[in-house]
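To be precise, the following lines are upload_37.tsv, and they hold TSV, C-alpha atoms.
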chain	number	residue	atom	x	y	z
A	1	MET	CA	0.00	0.00	0.00
A	2	ALA	CA	1.44	3.37	-1.05
A	3	PRO	CA	2.12	5.92	1.71
A	4	PHE	CA	-0.49	8.64	2.22
A	5	ARG	CA	0.42	11.80	0.31
A	6	PRO	CA	-1.34	14.79	1.91
A	7	LYS	CA	-2.19	18.05	0.21
A	8	TYR	CA	-0.23	19.83	2.95
A	9	VAL	CA	2.09	18.88	5.78
A	10	THR	CA	1.26	21.12	8.73
A	11	PHE	CA	3.60	21.69	11.65
A	12	ASP	CA	3.88	22.95	15.14
A	13	CYS	CA	6.95	25.20	15.13
A	14	TYR	CA	8.28	25.78	18.66
A	15	GLY	CA	9.60	22.59	20.17
A	16	THR	CA	8.97	20.52	17.05
A	17	LEU	CA	11.06	22.45	14.52
A	18	THR	CA	12.59	25.32	16.50
A	19	HIS	CA	14.56	24.46	19.62
A	20	PHE	CA	12.20	26.14	22.10
A	21	ASP	CA	14.66	26.99	24.85
A	22	MET	CA	12.41	28.30	27.63
A	23	ALA	CA	14.24	26.06	30.09
A	24	GLY	CA	17.58	27.54	29.05
A	25	ALA	CA	16.20	31.07	29.26
A	26	ALA	CA	14.99	30.42	32.80
A	27	ARG	CA	18.37	28.98	33.75
A	28	ARG	CA	20.17	32.01	32.38
A	29	ILE	CA	18.20	34.24	34.72
A	30	TYR	CA	17.65	32.09	37.82
A	31	GLY	CA	20.47	29.54	37.58
A	32	GLU	CA	22.63	31.30	40.15
A	33	THR	CA	19.71	31.70	42.55
A	34	LEU	CA	18.32	28.15	42.55
A	35	ASP	CA	20.07	24.85	43.09
A	36	GLU	CA	19.50	22.09	40.55
A	37	PRO	CA	16.46	20.40	42.14
A	38	ALA	CA	14.81	23.79	42.66
A	39	MET	CA	15.69	24.79	39.09
A	40	GLN	CA	14.09	21.64	37.70
A	41	LYS	CA	10.90	22.36	39.65
A	42	PHE	CA	10.92	25.98	38.48
A	43	ILE	CA	11.23	24.92	34.83
A	44	LYS	CA	8.42	22.38	35.19
A	45	ASN	CA	6.14	24.94	36.83
A	46	PHE	CA	6.95	27.57	34.20
A	47	SER	CA	5.97	25.15	31.44
A	48	ALA	CA	2.70	24.25	33.15
A	49	TYR	CA	1.74	27.88	33.77
A	50	ARG	CA	2.43	28.82	30.13
A	51	LEU	CA	-0.06	26.16	29.05
A	52	ASP	CA	-2.59	27.37	31.60
A	53	GLU	CA	-2.22	30.97	30.41
A	54	ILE	CA	-3.21	30.17	26.82
A	55	LEU	CA	-6.41	28.25	27.59
A	56	GLY	CA	-8.55	31.36	27.92
A	57	ALA	CA	-9.10	34.39	25.71
A	58	TRP	CA	-6.23	35.39	23.44
A	59	LYS	CA	-3.67	37.84	24.79
A	60	PRO	CA	-0.25	38.87	23.48
A	61	TYR	CA	2.41	36.21	24.01
A	62	ALA	CA	4.48	38.67	26.02
A	63	ASP	CA	1.64	38.64	28.57
A	64	VAL	CA	1.54	34.84	28.50
A	65	VAL	CA	5.24	34.68	29.35
A	66	SER	CA	5.05	37.43	31.97
A	67	ASN	CA	2.00	36.03	33.75
A	68	ALA	CA	3.38	32.48	33.71
A	69	LEU	CA	6.73	33.63	35.03
A	70	GLU	CA	5.15	35.71	37.78
A	71	ARG	CA	3.03	32.75	38.92
A	72	THR	CA	6.08	30.47	38.79
A	73	CYS	CA	8.15	32.87	40.87
A	74	LYS	CA	5.36	33.16	43.44
A	75	LEU	CA	5.04	29.38	43.75
A	76	ASN	CA	8.78	28.97	44.16
A	77	GLY	CA	9.42	31.93	46.47
A	78	VAL	CA	11.55	33.78	43.92
A	79	PRO	CA	11.28	37.55	43.36
A	80	PHE	CA	9.57	38.39	40.07
A	81	ARG	CA	10.87	41.17	37.85
A	82	ALA	CA	9.02	42.28	34.74
A	83	GLU	CA	12.33	42.85	32.95
A	84	ASP	CA	13.17	39.15	33.35
A	85	ALA	CA	9.97	38.17	31.59
A	86	LEU	CA	10.71	40.62	28.79
A	87	GLN	CA	14.22	39.20	28.44
A	88	ILE	CA	12.81	35.70	27.98
A	89	TYR	CA	10.19	36.89	25.51
A	90	ASN	CA	12.80	38.74	23.46
A	91	GLU	CA	14.95	35.61	23.22
A	92	VAL	CA	12.32	33.66	21.30
A	93	PRO	CA	13.01	35.06	17.80
A	94	THR	CA	16.73	34.26	18.19
A	95	TRP	CA	16.20	30.51	18.56
A	96	GLY	CA	17.12	28.27	15.64
A	97	PRO	CA	16.07	24.79	14.55
A	98	HIS	CA	16.92	21.43	16.02
A	99	PRO	CA	19.94	20.12	14.04
A	100	ASP	CA	17.87	17.46	12.26
A	101	VAL	CA	15.32	19.91	10.86
A	102	PRO	CA	16.71	21.68	7.76
A	103	ALA	CA	17.65	18.62	5.69
A	104	GLY	CA	14.46	16.69	6.45
A	105	LEU	CA	12.21	19.67	5.82
A	106	ALA	CA	13.93	20.59	2.56
A	107	LYS	CA	13.40	17.07	1.19
A	108	VAL	CA	9.67	17.09	1.99
A	109	ALA	CA	9.22	20.66	0.72
A	110	LYS	CA	10.28	19.59	-2.79
A	111	GLU	CA	7.17	17.37	-3.00
A	112	ILE	CA	4.52	18.66	-0.56
A	113	PRO	CA	3.70	22.23	0.57
A	114	LEU	CA	4.64	22.96	4.17
A	115	VAL	CA	2.48	24.97	6.60
A	116	ILE	CA	3.09	26.17	10.16
A	117	LEU	CA	0.41	26.69	12.81
A	118	SER	CA	2.18	28.28	15.75
A	119	ASN	CA	1.44	29.81	19.14
A	120	ALA	CA	3.39	32.87	18.11
A	121	MET	CA	3.15	36.58	17.47
A	122	ASN	CA	3.55	37.84	13.92
A	123	SER	CA	6.60	39.84	14.98
A	124	GLN	CA	8.34	36.74	16.37
A	125	ILE	CA	7.76	33.85	14.05
A	126	MET	CA	9.37	34.80	10.75
A	127	SER	CA	12.79	35.14	12.36
A	128	ASN	CA	12.48	31.53	13.53
A	129	VAL	CA	11.03	30.30	10.22
A	130	GLU	CA	13.88	31.86	8.23
A	131	LYS	CA	16.30	29.67	10.18
A	132	LEU	CA	14.51	26.40	9.33
A	133	GLY	CA	16.13	25.97	5.93
A	134	ALA	CA	13.04	25.21	3.83
A	135	PRO	CA	10.27	27.19	2.12
A	136	PHE	CA	6.84	27.33	3.74
A	137	TYR	CA	3.63	27.75	1.78
A	138	LYS	CA	1.90	29.46	4.70
A	139	VAL	CA	2.71	30.48	8.28
A	140	ILE	CA	-0.28	30.97	10.57
A	141	THR	CA	0.10	32.46	14.05
A	142	ALA	CA	-2.04	32.58	17.17
A	143	GLU	CA	-2.14	36.34	16.74
A	144	GLU	CA	-3.74	35.83	13.32
A	145	THR	CA	-6.27	33.22	14.48
A	146	GLY	CA	-7.07	34.91	17.79
A	147	THR	CA	-6.54	31.70	19.71
A	148	TYR	CA	-3.76	29.51	21.04
A	149	LYS	CA	-3.38	25.78	20.62
A	150	PRO	CA	-4.59	23.41	22.06
A	151	GLN	CA	-7.87	25.24	21.43
A	152	MET	CA	-9.56	24.06	18.24
A	153	ASN	CA	-10.13	27.44	16.60
A	154	GLY	CA	-6.61	27.71	15.22
A	155	PHE	CA	-6.82	24.35	13.49
A	156	GLU	CA	-10.23	25.24	12.04
A	157	TYR	CA	-8.84	28.57	10.82
A	158	MET	CA	-5.91	26.77	9.19
A	159	LEU	CA	-8.13	24.27	7.37
A	160	ASP	CA	-10.34	27.11	6.10
A	161	ALA	CA	-7.29	29.08	4.94
A	162	LEU	CA	-5.96	26.03	3.09
A	163	GLY	CA	-9.36	25.18	1.63
A	164	CYS	CA	-9.16	21.58	2.72
A	165	GLY	CA	-10.51	19.16	5.30
A	166	PRO	CA	-8.97	17.17	8.14
A	167	GLU	CA	-8.55	14.21	5.80
A	168	ASP	CA	-6.28	16.21	3.47
A	169	ILE	CA	-3.37	17.04	5.78
A	170	THR	CA	-0.70	15.42	7.90
A	171	HIS	CA	-0.04	17.27	11.13
A	172	VAL	CA	3.41	17.03	12.71
A	173	SER	CA	4.20	17.88	16.32
A	174	SER	CA	6.31	16.87	19.30
A	175	SER	CA	3.41	17.56	21.68
A	176	PHE	CA	0.21	15.68	22.38
A	177	ARG	CA	-1.16	18.33	24.74
A	178	TYR	CA	-0.69	21.26	22.39
A	179	ASP	CA	-1.35	19.61	19.02
A	180	LEU	CA	-1.98	15.93	18.53
A	181	MET	CA	-4.90	15.57	20.96
A	182	THR	CA	-6.72	18.44	19.27
A	183	ALA	CA	-5.83	17.13	15.81
A	184	HIS	CA	-7.30	13.77	16.84
A	185	ASP	CA	-10.50	15.38	18.10
A	186	LEU	CA	-10.92	17.26	14.82
A	187	GLY	CA	-10.61	14.09	12.76
A	188	ILE	CA	-7.08	14.60	11.43
A	189	THR	CA	-6.16	10.95	11.04
A	190	SER	CA	-2.70	11.42	9.54
A	191	LYS	CA	-0.48	12.59	12.40
A	192	VAL	CA	3.23	12.38	13.08
A	193	TRP	CA	4.70	12.53	16.56
A	194	VAL	CA	8.30	13.74	16.71
A	195	ASN	CA	9.58	12.10	19.89
A	196	ARG	CA	11.73	14.82	21.39
A	197	LYS	CA	11.23	13.35	24.87
A	198	HIS	CA	8.91	16.20	25.90
A	199	GLU	CA	6.04	13.85	26.68
A	200	PRO	CA	5.48	10.09	26.93
A	201	ALA	CA	4.04	8.14	24.03
A	202	ASN	CA	0.26	7.88	23.89
A	203	PRO	CA	-0.81	5.40	21.19
A	204	TYR	CA	-4.50	6.14	21.73
A	205	TYR	CA	-4.16	9.22	19.54
A	206	GLY	CA	-3.02	7.30	16.45
A	207	TYR	CA	0.18	8.60	14.85
A	208	THR	CA	3.41	7.65	13.16
A	209	GLU	CA	6.37	8.12	15.50
A	210	ILE	CA	9.71	9.48	14.30
A	211	ALA	CA	12.79	10.31	16.33
A	212	ASP	CA	13.42	13.55	14.48
A	213	ILE	CA	12.57	15.40	11.27
A	214	GLY	CA	15.17	13.38	9.42
A	215	GLY	CA	12.62	10.58	9.50
A	216	LEU	CA	9.79	12.63	8.02
A	217	PRO	CA	10.51	12.08	4.29
A	218	GLY	CA	10.21	8.34	4.85
A	219	VAL	CA	6.69	8.78	6.21
A	220	PHE	CA	5.63	9.91	2.74
A	221	GLY	CA	7.81	7.47	0.82
A	222	LEU	CA	10.27	10.18	-0.23
Can you dump the structure from the file as structure tokens?
Amino acid sequence: MAPFRPKYVTFDCYGTLTHFDMAGAARRIYGETLDEPAMQKFIKNFSAYRLDEILGAWKPYADVVSNALERTCKLNGVPFRAEDALQIYNEVPTWGPHPDVPAGLAKVAKEIPLVILSNAMNSQIMSNVEKLGAPFYKVITAEETGTYKPQMNGFEYMLDALGCGPEDITHVSSSFRYDLMTAHDLGITSKVWVNRKHEPANPYYGYTEIADIGGLPGVFGL
């Protein structure tokens, strides 16, 4: 049986393609204040609060970072400074891809249009995309859709913008909580999980697992 060839391959960007270094950013600010066990807890809390912050009405991502950091600092008994949150936010556009990304993406891009659906601001994302080493047909941000993943609205907006249905795309992400659970609920049957060790496997959601983007061309028989 021939591999499924979608009309578009759609991607999460931060974490899946771009090395999303929020943990490193937190270490650069608080690493001299917290010992290693406390730092690990701080990073875990910061990640959880960022997810919590995007589940409501849309707000600028700078506010997401600031609110999440303030709540993390409070929980961990660390003084919060607004300038620290701004420093972390301003780092985001400087982050480049995981090493495996450019070659794998470029190979797929020769055959299938690539699309990004990202929890990003318009002013952030293109700097990251330019570092990925492959052309993208469309880049859609949370600022454009007015909603953050894992909410469904962004996926619905993307499908409308592409003029296709859930059955026409393959969605690629390293996260179940942000992407693949929602994709499953919307009937996107062709999904690829990039196992970057962010989350444990969850076969219930039905996906092809790859270790990195170098394995993506093989998914499509390329």
Using only C-alpha atoms, what table do you get, as CSV, when you list each residue of region 24-48 of chain A with an atom no more than 9 Å from region 79-96 of chain A, its nearest pair of atoms, and their distance in Å rounded to one decimal, rows by chain then rising number?
residue,atom,partner,partner_atom,distance
A:Ala25,CA,A:Ile88,CA,5.9
A:Ala26,CA,A:Ile88,CA,7.5
A:Ile29,CA,A:Asp84,CA,7.2
Residues within 12 Å of region 199-207 of chain A, please, as a CSV table (one decimal) with C-alpha atoms, in the frame of the given file. Count only C-alpha atoms; anything in the same chain fewer than 5 positions from it doesn't count.
chain,number,residue,atom,x,y,z
A,15,GLY,CA,9.6,22.6,20.2
A,170,THR,CA,-0.7,15.4,7.9
A,171,HIS,CA,0.0,17.3,11.1
A,172,VAL,CA,3.4,17.0,12.7
A,173,SER,CA,4.2,17.9,16.3
A,174,SER,CA,6.3,16.9,19.3
A,175,SER,CA,3.4,17.6,21.7
A,176,PHE,CA,0.2,15.7,22.4
A,177,ARG,CA,-1.2,18.3,24.7
A,178,TYR,CA,-0.7,21.3,22.4
A,179,ASP,CA,-1.4,19.6,19.0
A,180,LEU,CA,-2.0,15.9,18.5
A,181,MET,CA,-4.9,15.6,21.0
A,182,THR,CA,-6.7,18.4,19.3
A,183,ALA,CA,-5.8,17.1,15.8
A,184,HIS,CA,-7.3,13.8,16.8
A,185,ASP,CA,-10.5,15.4,18.1
A,186,LEU,CA,-10.9,17.3,14.8
A,187,GLY,CA,-10.6,14.1,12.8
A,188,ILE,CA,-7.1,14.6,11.4
A,189,THR,CA,-6.2,11.0,11.0
A,190,SER,CA,-2.7,11.4,9.5
A,191,LYS,CA,-0.5,12.6,12.4
A,192,VAL,CA,3.2,12.4,13.1
A,193,TRP,CA,4.7,12.5,16.6
A,194,VAL,CA,8.3,13.7,16.7
A,219,VAL,CA,6.7,8.8,6.2
Handout entry: Contacts of Asn195 (chain A) at 7 Å (only C-alpha atoms; same-chain gap of 6+ positions) as a PyMOL selection string
Key = chain A and resi 174+209-212
Problem - Protein, DNA and RNA residues within 10 Å of (2.7, 25.3, 27.8), only C-alpha atoms, as a PyMOL selection string - result: chain A and resi 44-55+64-65+68+119+149-150+175+177-178
Exercise for the section: Record the distance separating CA of Pro97 (chain A) and CA of Lys131 (chain A), expressed in Å with one decimal. Expected result: 6.6 Å
Exercise for the section: Just the residues within 7 Å of region 138-147 of chain A, please, counting all atoms listed in the file, with nothing from its chain fewer than 2 positions along; format it as a PyMOL selection string. Expected result: chain A and resi 58+115-122+136+149+151+153-154+157
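From CA of Asp21 (chain A) back to CA of Gly218 (chain A), the distance works out to 27.7 Å.
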Practice task
Give the answer as one residue: which of A:Leu159, A:Thr72, A:Asn67, A:Ala103 has the shortest atom-to-atom distance to Leu17 (chain A), using all atoms listed in the file?
Solution key: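 Smallest distance to Leu17 (chain A) is found for A:Ala103.
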